[in-house]
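Novice: Data: upload_3.pdb, PDB, C-alpha atoms and all ligand atoms.
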```
ATOM      1  CA  MET A   1     181.754  40.000  63.477
ATOM      2  CA  THR A   2     177.932  40.066  63.561
ATOM      3  CA  THR A   3     176.472  43.532  63.397
ATOM      4  CA  SER A   4     173.195  44.259  65.113
ATOM      5  CA  MET A   5     170.532  46.578  63.758
ATOM      6  CA  ALA A   6     168.996  46.844  67.239
ATOM      7  CA  THR A   7     168.577  50.307  68.728
ATOM      8  CA  GLY A   8     167.161  51.849  71.901
ATOM      9  CA  THR A   9     167.140  50.926  75.589
ATOM     10  CA  HIS A  10     164.740  48.484  77.249
ATOM     11  CA  LEU A  11     164.468  48.156  81.013
ATOM     12  CA  PHE A  12     162.494  45.139  82.183
ATOM     13  CA  TRP A  13     161.242  44.894  85.769
ATOM     14  CA  PHE A  14     159.736  42.376  88.154
ATOM     15  CA  SER A  15     158.522  43.515  91.572
ATOM     16  CA  GLY A  16     156.316  42.362  94.448
ATOM     17  CA  THR A  17     156.407  45.328  96.807
ATOM     18  CA  GLY A  18     157.744  48.081  94.589
ATOM     19  CA  ASN A  19     161.458  48.336  95.471
ATOM     20  CA  SER A  20     162.549  47.015  92.086
ATOM     21  CA  LEU A  21     159.930  49.041  90.214
ATOM     22  CA  ALA A  22     161.024  52.236  91.998
ATOM     23  CA  ALA A  23     164.644  51.476  91.107
ATOM     24  CA  ALA A  24     163.698  50.720  87.486
ATOM     25  CA  ARG A  25     161.716  53.949  87.162
ATOM     26  CA  ALA A  26     164.535  56.035  88.603
ATOM     27  CA  LEU A  27     167.070  54.345  86.351
ATOM     28  CA  ALA A  28     164.887  54.819  83.255
ATOM     29  CA  ALA A  29     164.576  58.514  84.100
ATOM     30  CA  ALA A  30     168.347  58.821  84.597
ATOM     31  CA  LEU A  31     169.098  56.979  81.341
ATOM     32  CA  GLY A  32     166.488  58.876  79.302
ATOM     33  CA  GLU A  33     164.729  57.486  76.195
ATOM     34  CA  THR A  34     164.187  54.145  77.905
ATOM     35  CA  ARG A  35     161.228  51.805  77.472
ATOM     36  CA  LEU A  36     160.065  50.322  80.797
ATOM     37  CA  LEU A  37     158.399  46.914  80.487
ATOM     38  CA  PRO A  38     157.182  44.381  83.057
ATOM     39  CA  VAL A  39     159.016  41.047  82.692
ATOM     40  CA  THR A  40     155.721  39.167  82.853
ATOM     41  CA  ALA A  41     154.102  41.175  80.053
ATOM     42  CA  ALA A  42     157.272  40.945  77.925
ATOM     43  CA  ARG A  43     157.192  37.169  78.269
ATOM     44  CA  ARG A  44     153.701  37.114  76.812
ATOM     45  CA  ARG A  45     154.456  39.616  74.047
ATOM     46  CA  PRO A  46     158.217  39.901  73.512
ATOM     47  CA  PRO A  47     159.305  43.276  72.126
ATOM     48  CA  ALA A  48     161.887  43.588  69.331
ATOM     49  CA  PRO A  49     165.467  43.296  70.643
ATOM     50  CA  ALA A  50     167.122  46.522  71.848
ATOM     51  CA  ALA A  51     170.761  47.639  71.829
ATOM     52  CA  VAL A  52     170.848  48.199  75.607
ATOM     53  CA  VAL A  53     168.860  45.867  77.853
ATOM     54  CA  GLY A  54     168.572  45.944  81.637
ATOM     55  CA  VAL A  55     166.583  43.670  83.958
ATOM     56  CA  VAL A  56     165.651  44.888  87.464
ATOM     57  CA  PHE A  57     164.352  42.349  89.989
ATOM     58  CA  PRO A  58     164.371  41.328  93.685
ATOM     59  CA  VAL A  59     166.691  38.653  95.089
ATOM     60  CA  TYR A  60     164.872  35.505  96.268
ATOM     61  CA  ALA A  61     166.788  33.021  98.412
ATOM     62  CA  LEU A  62     170.191  34.127  97.091
ATOM     63  CA  GLY A  63     168.934  33.733  93.518
ATOM     64  CA  LEU A  64     166.529  35.173  90.960
ATOM     65  CA  PRO A  65     162.735  34.945  90.832
ATOM     66  CA  GLN A  66     161.758  32.028  88.630
ATOM     67  CA  ALA A  67     159.839  34.353  86.282
ATOM     68  CA  VAL A  68     163.009  36.396  85.719
ATOM     69  CA  GLU A  69     165.126  33.314  85.015
ATOM     70  CA  ARG A  70     162.569  32.115  82.456
ATOM     71  CA  PHE A  71     162.577  35.564  80.883
ATOM     72  CA  LEU A  72     166.381  35.597  80.575
ATOM     73  CA  GLU A  73     166.166  32.189  78.921
ATOM     74  CA  THR A  74     163.790  33.418  76.234
ATOM     75  CA  MET A  75     163.980  37.205  75.862
ATOM     76  CA  PRO A  76     164.794  38.562  72.416
ATOM     77  CA  LEU A  77     168.553  39.207  72.168
ATOM     78  CA  ALA A  78     170.410  41.305  69.632
ATOM     79  CA  PRO A  79     173.852  39.781  68.902
ATOM     80  CA  ASP A  80     175.923  42.648  70.335
ATOM     81  CA  ALA A  81     173.492  44.105  72.882
ATOM     82  CA  TYR A  82     174.784  45.590  76.138
ATOM     83  CA  LEU A  83     173.079  43.478  78.845
ATOM     84  CA  PHE A  84     172.964  44.396  82.527
ATOM     85  CA  THR A  85     171.100  43.470  85.703
ATOM     86  CA  VAL A  86     170.092  45.440  88.795
ATOM     87  CA  ALA A  87     169.048  43.366  91.803
ATOM     88  CA  THR A  88     167.328  44.791  94.876
ATOM     89  CA  ALA A  89     168.043  42.895  98.077
ATOM     90  CA  ALA A  90     167.585  43.175 101.814
ATOM     91  CA  ARG A  91     171.199  42.265 102.425
ATOM     92  CA  THR A  92     172.571  39.225 100.574
ATOM     93  CA  PRO A  93     172.322  38.949  96.773
ATOM     94  CA  GLY A  94     173.916  35.502  96.665
ATOM     95  CA  ALA A  95     174.828  34.675  93.082
ATOM     96  CA  VAL A  96     172.123  36.533  91.168
ATOM     97  CA  HIS A  97     174.378  38.200  88.617
ATOM     98  CA  ARG A  98     176.487  35.096  88.090
ATOM     99  CA  ILE A  99     173.331  33.033  87.507
ATOM    100  CA  ALA A 100     172.045  35.659  85.033
ATOM    101  CA  ASP A 101     175.402  35.572  83.237
ATOM    102  CA  ASP A 102     175.346  31.749  83.098
ATOM    103  CA  ILE A 103     171.887  31.808  81.520
ATOM    104  CA  LEU A 104     172.930  34.405  78.953
ATOM    105  CA  ARG A 105     176.155  32.538  78.139
ATOM    106  CA  ARG A 106     174.134  29.407  77.345
ATOM    107  CA  ARG A 107     172.455  31.616  74.737
ATOM    108  CA  GLY A 108     175.744  32.875  73.298
ATOM    109  CA  ALA A 109     175.555  36.257  75.053
ATOM    110  CA  SER A 110     176.951  37.523  78.367
ATOM    111  CA  LEU A 111     176.161  39.922  81.180
ATOM    112  CA  ALA A 112     178.149  43.159  80.933
ATOM    113  CA  ALA A 113     177.513  44.290  84.519
ATOM    114  CA  GLY A 114     175.321  43.511  87.541
ATOM    115  CA  TRP A 115     174.552  45.971  90.346
ATOM    116  CA  THR A 116     172.878  45.266  93.706
ATOM    117  CA  LEU A 117     170.869  47.885  95.590
ATOM    118  CA  ARG A 118     170.203  47.320  99.268
ATOM    119  CA  MET A 119     166.556  48.084 100.014
ATOM    120  CA  PRO A 120     163.995  47.184 102.706
ATOM    121  CA  GLY A 121     163.382  43.440 102.997
ATOM    122  CA  ASN A 122     159.894  42.198 102.084
ATOM    123  CA  PHE A 123     160.217  38.540 103.034
ATOM    124  CA  ALA A 124     157.774  38.692 105.925
ATOM    125  CA  PRO A 125     159.045  35.729 107.989
ATOM    126  CA  VAL A 126     162.558  37.144 108.091
ATOM    127  CA  ASN A 127     162.631  40.855 107.326
ATOM    128  CA  ARG A 128     161.444  43.388 109.836
ATOM    129  CA  SER A 129     162.793  46.323 107.866
ATOM    130  CA  PHE A 130     159.738  48.450 108.564
ATOM    131  CA  ALA A 131     160.482  48.211 112.259
ATOM    132  CA  TRP A 132     164.086  49.374 111.959
ATOM    133  CA  GLY A 133     163.129  53.019 111.549
ATOM    134  CA  GLY A 134     165.911  53.103 108.985
ATOM    135  CA  ASP A 135     163.808  52.676 105.863
ATOM    136  CA  SER A 136     164.028  56.197 104.513
ATOM    137  CA  ALA A 137     167.816  56.323 104.896
ATOM    138  CA  LEU A 138     168.085  52.967 103.135
ATOM    139  CA  LEU A 139     165.843  54.124 100.293
ATOM    140  CA  GLU A 140     167.773  57.385  99.975
ATOM    141  CA  ARG A 141     171.074  55.509  99.756
ATOM    142  CA  ALA A 142     169.672  53.219  97.054
ATOM    143  CA  ALA A 143     168.285  56.206  95.103
ATOM    144  CA  ALA A 144     171.638  57.989  95.354
ATOM    145  CA  ARG A 145     173.338  55.140  93.494
ATOM    146  CA  ILE A 146     171.058  55.360  90.441
ATOM    147  CA  ALA A 147     172.878  58.228  88.712
ATOM    148  CA  GLY A 148     176.175  56.326  88.971
ATOM    149  CA  ILE A 149     174.632  53.161  87.529
ATOM    150  CA  ALA A 150     173.108  55.147  84.658
ATOM    151  CA  ALA A 151     176.498  56.736  83.924
ATOM    152  CA  ALA A 152     178.182  53.325  83.961
ATOM    153  CA  VAL A 153     175.560  51.886  81.583
ATOM    154  CA  ARG A 154     176.000  54.832  79.240
ATOM    155  CA  ALA A 155     179.780  54.314  79.357
ATOM    156  CA  GLY A 156     179.325  50.614  78.604
ATOM    157  CA  GLN A 157     181.004  49.408  81.819
ATOM    158  CA  ARG A 158     181.885  45.711  81.825
ATOM    159  CA  GLY A 159     183.068  43.121  84.312
ATOM    160  CA  LEU A 160     181.233  44.245  87.476
ATOM    161  CA  ARG A 161     179.157  41.689  89.388
ATOM    162  CA  GLU A 162     177.844  42.775  92.788
ATOM    163  CA  ASP A 163     177.187  39.256  94.111
ATOM    164  CA  SER A 164     177.811  38.039  97.664
ATOM    165  CA  MET A 165     181.232  36.791  98.694
ATOM    166  CA  ALA A 166     182.207  33.263  97.659
ATOM    167  CA  PRO A 167     180.458  30.983 100.217
ATOM    168  CA  LEU A 168     177.053  32.662  99.900
ATOM    169  CA  ALA A 169     177.325  32.992  96.128
ATOM    170  CA  TRP A 170     178.277  29.316  95.925
ATOM    171  CA  LEU A 171     175.322  28.406  98.149
ATOM    172  CA  GLY A 172     172.971  30.498  95.986
ATOM    173  CA  GLN A 173     174.063  28.649  92.876
ATOM    174  CA  ARG A 174     173.977  25.227  94.478
ATOM    175  CA  MET A 175     170.556  25.666  96.110
ATOM    176  CA  ARG A 176     168.977  27.430  93.192
ATOM    177  CA  HIS A 177     166.659  24.760  91.822
ATOM    178  CA  GLU A 178     165.671  23.364  95.205
ATOM    179  CA  THR A 179     164.841  26.779  96.680
ATOM    180  CA  GLN A 180     162.832  27.754  93.618
ATOM    181  CA  ARG A 181     160.889  24.548  93.966
ATOM    182  CA  GLN A 182     160.169  25.342  97.617
ATOM    183  CA  LEU A 183     159.277  28.967  96.914
ATOM    184  CA  ALA A 184     156.780  27.887  94.244
ATOM    185  CA  HIS A 185     154.736  26.418  97.111
ATOM    186  CA  THR A 186     154.675  29.650  99.141
ATOM    187  CA  ALA A 187     150.994  30.251  98.458
ATOM    188  CA  ARG A 188     150.125  27.047 100.322
ATOM    189  CA  HIS A 189     151.058  28.938 103.488
ATOM    190  CA  PHE A 190     148.569  31.772 102.877
ATOM    191  CA  THR A 191     145.039  32.057 104.213
ATOM    192  CA  ALA A 192     142.598  34.957 104.301
ATOM    193  CA  SER A 193     141.240  35.843 107.747
ATOM    194  CA  ARG A 194     137.712  36.917 108.626
ATOM    195  CA  HIS A 195     138.830  40.524 108.119
ATOM    196  CA  CYS A 196     138.895  39.966 104.340
ATOM    197  CA  THR A 197     136.491  42.365 102.609
ATOM    198  CA  ALA A 198     136.613  40.512  99.279
ATOM    199  CA  CYS A 199     138.017  43.631  97.598
ATOM    200  CA  GLY A 200     140.043  41.479  95.166
ATOM    201  CA  LEU A 201     143.228  43.572  95.401
ATOM    202  CA  CYS A 202     145.380  40.523  96.167
ATOM    203  CA  ALA A 203     144.252  38.939  92.877
ATOM    204  CA  THR A 204     144.924  42.188  91.031
ATOM    205  CA  VAL A 205     148.491  42.630  92.269
ATOM    206  CA  CYS A 206     149.574  39.020  91.799
ATOM    207  CA  PRO A 207     152.045  39.287  88.891
ATOM    208  CA  VAL A 208     151.379  35.767  87.658
ATOM    209  CA  GLY A 209     147.597  35.470  87.984
ATOM    210  CA  ASN A 210     147.867  32.927  90.788
ATOM    211  CA  ILE A 211     144.862  34.196  92.768
ATOM    212  CA  THR A 212     141.183  33.944  91.898
ATOM    213  CA  MET A 213     138.280  35.291  93.922
ATOM    214  CA  GLU A 214     135.887  32.491  94.790
ATOM    215  CA  GLU A 215     132.890  32.816  97.102
ATOM    216  CA  ASP A 216     134.103  36.216  98.275
ATOM    217  CA  ALA A 217     137.546  35.023  99.309
ATOM    218  CA  PRO A 218     140.888  34.653  97.556
ATOM    219  CA  ARG A 219     141.932  31.231  96.375
ATOM    220  CA  TRP A 220     145.588  30.615  95.642
ATOM    221  CA  GLY A 221     146.763  28.395  92.781
ATOM    222  CA  ASP A 222     149.996  26.468  92.358
ATOM    223  CA  ARG A 223     152.211  28.785  90.316
ATOM    224  CA  CYS A 224     153.346  31.171  93.052
ATOM    225  CA  GLU A 225     156.494  33.284  92.542
ATOM    226  CA  ALA A 226     156.760  33.979  96.312
ATOM    227  CA  CYS A 227     156.827  37.730  95.584
ATOM    228  CA  SER A 228     154.702  38.483  98.695
ATOM    229  CA  ALA A 229     152.632  41.110  96.863
ATOM    230  CA  CYS A 230     149.300  39.619  97.988
ATOM    231  CA  LEU A 231     150.398  39.462 101.633
ATOM    232  CA  GLN A 232     151.954  42.908 101.681
ATOM    233  CA  TRP A 233     149.372  44.914  99.695
ATOM    234  CA  CYS A 234     146.145  43.633 101.309
ATOM    235  CA  PRO A 235     144.618  46.892 102.597
ATOM    236  CA  VAL A 236     143.274  45.305 105.785
ATOM    237  CA  ASP A 237     146.200  42.931 106.504
ATOM    238  CA  ALA A 238     143.799  40.004 106.156
ATOM    239  CA  ILE A 239     146.294  37.594 104.599
ATOM    240  CA  ARG A 240     148.054  35.376 107.073
ATOM    241  CA  MET A 241     151.149  33.338 106.396
ATOM    242  CA  ARG A 242     151.690  30.171 108.376
ATOM    243  CA  GLY A 243     154.188  30.831 111.145
ATOM    244  CA  LEU A 244     153.914  34.603 110.833
ATOM    245  CA  GLY A 245     152.500  36.590 113.754
ATOM    246  CA  ALA A 246     149.141  38.186 112.919
ATOM    247  CA  ASN A 247     150.367  41.632 113.934
ATOM    248  CA  ARG A 248     153.447  41.776 111.725
ATOM    249  CA  ARG A 249     153.445  45.133 109.939
ATOM    250  CA  ARG A 250     153.302  45.056 106.150
ATOM    251  CA  TYR A 251     155.697  46.761 103.752
ATOM    252  CA  HIS A 252     155.632  48.315 100.321
ATOM    253  CA  HIS A 253     157.775  50.997  98.722
ATOM    254  CA  PRO A 254     156.333  54.431  99.629
ATOM    255  CA  ALA A 255     156.393  55.788  96.053
ATOM    256  CA  ILE A 256     154.711  52.778  94.418
ATOM    257  CA  ARG A 257     150.969  52.053  94.313
ATOM    258  CA  ALA A 258     149.169  48.751  94.046
ATOM    259  CA  GLN A 259     147.986  49.722  90.530
ATOM    260  CA  ASP A 260     151.621  50.028  89.436
ATOM    261  CA  ILE A 261     152.332  46.474  90.581
ATOM    262  CA  ALA A 262     149.128  45.274  88.877
ATOM    263  CA  GLU A 263     150.603  46.326  85.509
ATOM    264  CA  GLN A 264     152.572  43.080  85.601
ATOM    265  CA  ALA A 265     149.488  40.877  85.451
ATOM    266  CA  GLY A 266     148.069  42.699  82.433
ATOM    267  CA  ASP A 267     145.168  40.951  80.772
ATOM    268  CA  ALA A 268     146.096  37.314  81.122
ATOM    269  CA  GLY A 269     148.499  36.544  83.944
ATOM    270  CA  GLU A 270     151.730  34.755  83.201
ATOM    271  CA  ALA A 271     152.104  31.267  81.878
ATOM    272  CA  THR A 272     154.750  29.949  84.266
ATOM    273  CA  PRO A 273     154.139  26.206  84.405
ATOM    274  CA  PRO A 274     153.457  24.938  87.923
ATOM    275  CA  THR A 275     156.419  23.251  89.627
ATOM    276  CA  ALA A 276     155.880  19.617  90.545
ATOM    277  CA  PRO A 277     155.283  19.021  94.285
TER     278      PRO A 277
HETATM  279  C1  LIG B 301     160.765  34.873  98.966
HETATM  280  C2  LIG B 301     161.763  35.953  99.207
HETATM  281  C3  LIG B 301     163.096  35.635  99.378
HETATM  282  C4  LIG B 301     164.034  36.652  99.602
HETATM  283  N1  LIG B 301     165.347  36.311  99.703
HETATM  284  C5  LIG B 301     166.270  37.285  99.871
HETATM  285  C6  LIG B 301     167.664  36.956  99.912
HETATM  286  O1  LIG B 301     168.088  35.808  99.759
HETATM  287  N2  LIG B 301     168.544  37.956 100.104
HETATM  288  C7  LIG B 301     168.136  39.264 100.273
HETATM  289  O2  LIG B 301     168.993  40.132 100.456
HETATM  290  N3  LIG B 301     166.825  39.620 100.217
HETATM  291  C8  LIG B 301     165.892  38.652 100.022
HETATM  292  N4  LIG B 301     164.560  38.998  99.937
HETATM  293  C9  LIG B 301     164.176  40.418 100.047
HETATM  294  C10 LIG B 301     163.939  41.091  98.683
HETATM  295  O3  LIG B 301     164.918  40.708  97.749
HETATM  296  C11 LIG B 301     163.967  42.618  98.796
HETATM  297  O4  LIG B 301     163.135  43.086  99.803
HETATM  298  C12 LIG B 301     163.581  43.247  97.462
HETATM  299  O5  LIG B 301     164.025  44.587  97.442
HETATM  300  C13 LIG B 301     162.079  43.233  97.217
HETATM  301  O6  LIG B 301     161.857  43.813  95.963
HETATM  302  P1  LIG B 301     160.418  44.219  95.439
HETATM  303  O7  LIG B 301     159.887  45.270  96.414
HETATM  304  O8  LIG B 301     160.678  44.807  94.106
HETATM  305  O9  LIG B 301     159.562  43.028  95.405
HETATM  306  C14 LIG B 301     163.613  38.012  99.700
HETATM  307  C15 LIG B 301     162.262  38.323  99.531
HETATM  308  C16 LIG B 301     161.338  37.314  99.291
HETATM  309  C17 LIG B 301     159.889  37.685  99.098
HETATM  310  S1  LIG B 302     143.298  42.045  99.349
HETATM  311 FE1  LIG B 302     142.825  41.376 101.422
HETATM  312  S2  LIG B 302     140.749  42.114 101.801
HETATM  313 FE2  LIG B 302     141.064  42.205  99.584
HETATM  314  S3  LIG B 302     140.299  40.201  98.823
HETATM  315 FE3  LIG B 302     142.497  39.956  99.189
HETATM  316  S4  LIG B 302     142.626  39.131 101.292
HETATM  317 FE4  LIG B 302     140.558  39.988 101.041
HETATM  318  S1  LIG B 303     150.216  34.299  95.112
HETATM  319 FE1  LIG B 303     150.968  36.080  96.285
HETATM  320  S2  LIG B 303     153.137  35.599  96.704
HETATM  321 FE2  LIG B 303     152.448  34.193  95.075
HETATM  322  S3  LIG B 303     153.008  35.209  93.148
HETATM  323 FE3  LIG B 303     150.892  35.810  93.609
HETATM  324  S4  LIG B 303     151.056  37.729  94.764
HETATM  325 FE4  LIG B 303     153.090  36.767  94.743
END
```
Take the structure from the file and write it as structure tokens.
Ligand SMILES: Cc1cc2nc3c(=O)[nH]c(=O)nc-3n(C[C@H](O)[C@H](O)[C@H](O)COP(=O)(O)O)c2cc1C
Ligand code: SF4
Ligand code: SF4
Specialist:
Amino acid sequence: MTTSMATGTHLFWFSGTGNSLAAARALAAALGETRLLPVTAARRRPPAPAAVVGVVFPVYALGLPQAVERFLETMPLAPDAYLFTVATAARTPGAVHRIADDILRRRGASLAAGWTLRMPGNFAPVNRSFAWGGDSALLERAAARIAGIAAAVRAGQRGLREDSMAPLAWLGQRMRHETQRQLAHTARHFTASRHCTACGLCATVCPVGNITMEEDAPRWGDRCEACSACLQWCPVDAIRMRGLGANRRRYHHPAIRAQDIAEQAGDAGEATPPTAP
């Protein structure tokens, strides 16, 4: 049997509107002695492998964000590390934990456990969570699960995968590459209205450096992760998405600030190669 010299706990996070970051912070606090690292920054500068490794991320189209998949494909792995995932989702996680496990198995590892936390939806065309009036109850329920997840991680729980039931999980796996290809073009649907003040916040919060400020307006590139951070954090709601009513209220997690999300971009933005049209 291979013996690992790896020690410590690493919790990696990816987040557009703060749900996953809030969950990661709460979990790190409950676990204690845990290093919190943005997925995007860890892809640029991978840390040494740890003995316990968790990845916290939002569900996109019944699957994982592309940046998180790429990270799972390349992150440093100790031979006998305990690996787990925590997905945040509006309602349907699809096959996120199964997909994560498949990726890890191709690397000779496996996912010990995968939890899903239901949190407010941030996919503007579909989710109207902020209008339900049920946000705080939803956030409280998600927060209440953290202590149990931390206890299960400490106990080394194995075999749990909080994916959707069979048809949706199957769909998530089947559609995975096509939906990621479509989502990579999300930024083509964004425009900045005349209300834009050229503050540059959208460029700052983009986790993959896909926005540049040109002639006092944002310009979107072609490596979008569809995280909706730019749309949701704009302080004057100036970003419009094709097909989305101009008056749709924006959402972000109440305990997270734009600067926290901006940590993901760091100094260079992420080198996710653009997806072919
Ligand atoms: C492009 C996109 C696709 C999404 N697809 C799903 C989905 O298939 N199922 C689901 O339950 N939530 C879906 N959501 C909602 C997010 O997973 C959920 O709001 C998550 O908690 C957001 O996390 P964040 O605040 O850390 O970015 C989607 C959100 C976006 C932006
Ligand atoms: S965050 Fe909004 S106001 Fe600021 S530059 Fe971007 S679109 Fe303009
Ligand atoms: S362009 Fe907007 S939606 Fe796309 S990755 Fe950047 S912040 Fe997220």
Novice: As JSON, what would the box around ligand LIG 302 (chain B) look like: edges along x, y and z, 3 Å added on every side, centre and edge lengths in Å to one decimal?
Specialist:
```
{"center_x": 141.8, "center_y": 40.7, "center_z": 100.3, "size_x": 9.0, "size_y": 9.1, "size_z": 9.0}
```
Novice: Calculate how many Å separate atom CA of Met119 of chain A from atom O8 of ligand LIG 301 (chain B), rounding to one decimal.
Specialist: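 Here the two named atoms are 9.0 Å from each other.
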Novice: Distance table requested - segment 183-229 of chain A against segment 30-45 of chain A, cut-off 12 Å, only C-alpha atoms: one row per qualifying residue with the closest atom pair and its distance in Å to one decimal, ordered by chain and rising residue number, as a tab-separated table.
Specialist:
```
residue	atom	partner	partner_atom	distance
A:Cys206	CA	A:Thr40	CA	10.9
A:Pro207	CA	A:Thr40	CA	7.1
A:Val208	CA	A:Thr40	CA	7.3
A:Gly209	CA	A:Thr40	CA	10.3
A:Glu225	CA	A:Thr40	CA	11.4
```
Novice: Under the rule that all atoms listed in the file are counted, which of A:Ala67, A:Leu139, A:Ala81, A:Val205 is the nearest residue to Gln264 of chain A?
Specialist: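 Checking each candidate against Gln264 of chain A, we get A:Val205 as the closest.
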Novice: Would you mind listing the residues within 6 Å of ligand LIG 302 (chain B), counting all atoms listed in the file, as number ranges by chain?
Specialist: A: 192, 196-202, 217-218, 234-236, 238-239
Novice: Which residues would end up in the selection if the PyMOL selection byres (((chain A and resi 170-172) around 10) and not hetatm) were applied here, given that I need the answer as a ChimeraX atom specification?
Specialist: /A:60-64,92-96,98-99,163-169,173-177,179
Novice: Return as a tab-separated table the residues of chain A lying at most 9 Å from ligand LIG 301 (chain B), together with the closest atom-to-atom pair for each and the distance in Å to one decimal, counting all atoms listed in the file, with rows in chain order and ascending residue number.
Specialist:
```
residue	atom	partner	partner_atom	distance
A:Trp13	CA	B:LIG301	O8	8.4
A:Phe14	CA	B:LIG301	O8	6.5
A:Ser15	CA	B:LIG301	O8	3.6
A:Gly16	CA	B:LIG301	O9	3.4
A:Thr17	CA	B:LIG301	O7	3.5
A:Gly18	CA	B:LIG301	O7	4.0
A:Asn19	CA	B:LIG301	O7	3.6
A:Ser20	CA	B:LIG301	O8	3.5
A:Leu21	CA	B:LIG301	O8	5.8
A:Ala22	CA	B:LIG301	O8	7.7
A:Ala23	CA	B:LIG301	O8	8.3
A:Val56	CA	B:LIG301	O8	8.3
A:Phe57	CA	B:LIG301	O8	6.0
A:Pro58	CA	B:LIG301	O3	4.1
A:Val59	CA	B:LIG301	O3	3.8
A:Tyr60	CA	B:LIG301	N1	3.6
A:Ala61	CA	B:LIG301	O1	3.4
A:Leu62	CA	B:LIG301	O1	3.8
A:Gly63	CA	B:LIG301	O1	6.6
A:Leu64	CA	B:LIG301	N1	8.9
A:Pro65	CA	B:LIG301	C1	8.4
A:Ala87	CA	B:LIG301	O5	7.6
A:Thr88	CA	B:LIG301	O5	4.2
A:Ala89	CA	B:LIG301	O2	3.8
A:Ala90	CA	B:LIG301	O2	3.6
A:Arg91	CA	B:LIG301	O2	3.6
A:Thr92	CA	B:LIG301	O2	3.7
A:Pro93	CA	B:LIG301	O2	5.1
A:Gly94	CA	B:LIG301	O1	6.6
A:Leu117	CA	B:LIG301	O5	7.8
A:Arg118	CA	B:LIG301	O5	7.0
A:Met119	CA	B:LIG301	O5	5.0
A:Pro120	CA	B:LIG301	O4	5.1
A:Gly121	CA	B:LIG301	O4	3.2
A:Asn122	CA	B:LIG301	O4	4.1
A:Phe123	CA	B:LIG301	C17	4.0
A:Ala124	CA	B:LIG301	C17	7.2
A:Val126	CA	B:LIG301	C14	8.5
A:Asn127	CA	B:LIG301	C9	7.5
A:Ser129	CA	B:LIG301	O4	8.7
A:Gly172	CA	B:LIG301	O1	8.1
A:Leu183	CA	B:LIG301	C1	6.4
A:Thr186	CA	B:LIG301	C1	8.0
A:Glu225	CA	B:LIG301	C1	7.9
A:Ala226	CA	B:LIG301	C1	4.9
A:Cys227	CA	B:LIG301	C17	4.7
A:Ser228	CA	B:LIG301	C17	5.3
A:Ala229	CA	B:LIG301	O9	7.3
A:Tyr251	CA	B:LIG301	O7	8.6
A:His252	CA	B:LIG301	O7	6.5
A:His253	CA	B:LIG301	O7	6.5
```
Novice: Work out how far apart atom CA of Ala26 of chain A and atom CA of Ala143 of chain A are and give it in Å to one decimal.
Specialist: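 Computing the Euclidean distance for atom CA of Ala26 of chain A and atom CA of Ala143 of chain A yields 7.5 Å.
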Novice: List, as a ChimeraX atom specification, every residue that the PyMOL selection byres (((chain A and resi 152-159) around 12) and not hetatm) selects in the file provided.
Specialist: /A:8-9,11,27-28,30-34,51-54,80-86,97-98,101,110-115,145-151,160-162
Novice: Out of A:Thr191, A:Gln259, A:Asn247, A:Gln232, which residue has the shortest atom-to-atom distance to Arg219 of chain A when counting only C-alpha atoms?
Specialist: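 Under the stated criterion, the closest residue is A:Thr191.
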Novice: Could you jot down the atom CA of His195 of chain A to atom CA of Gln182 of chain A separation for me, Å, one decimal place?
Specialist: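 We find that atom CA of His195 of chain A and atom CA of Gln182 of chain A lie 28.2 Å from each other.
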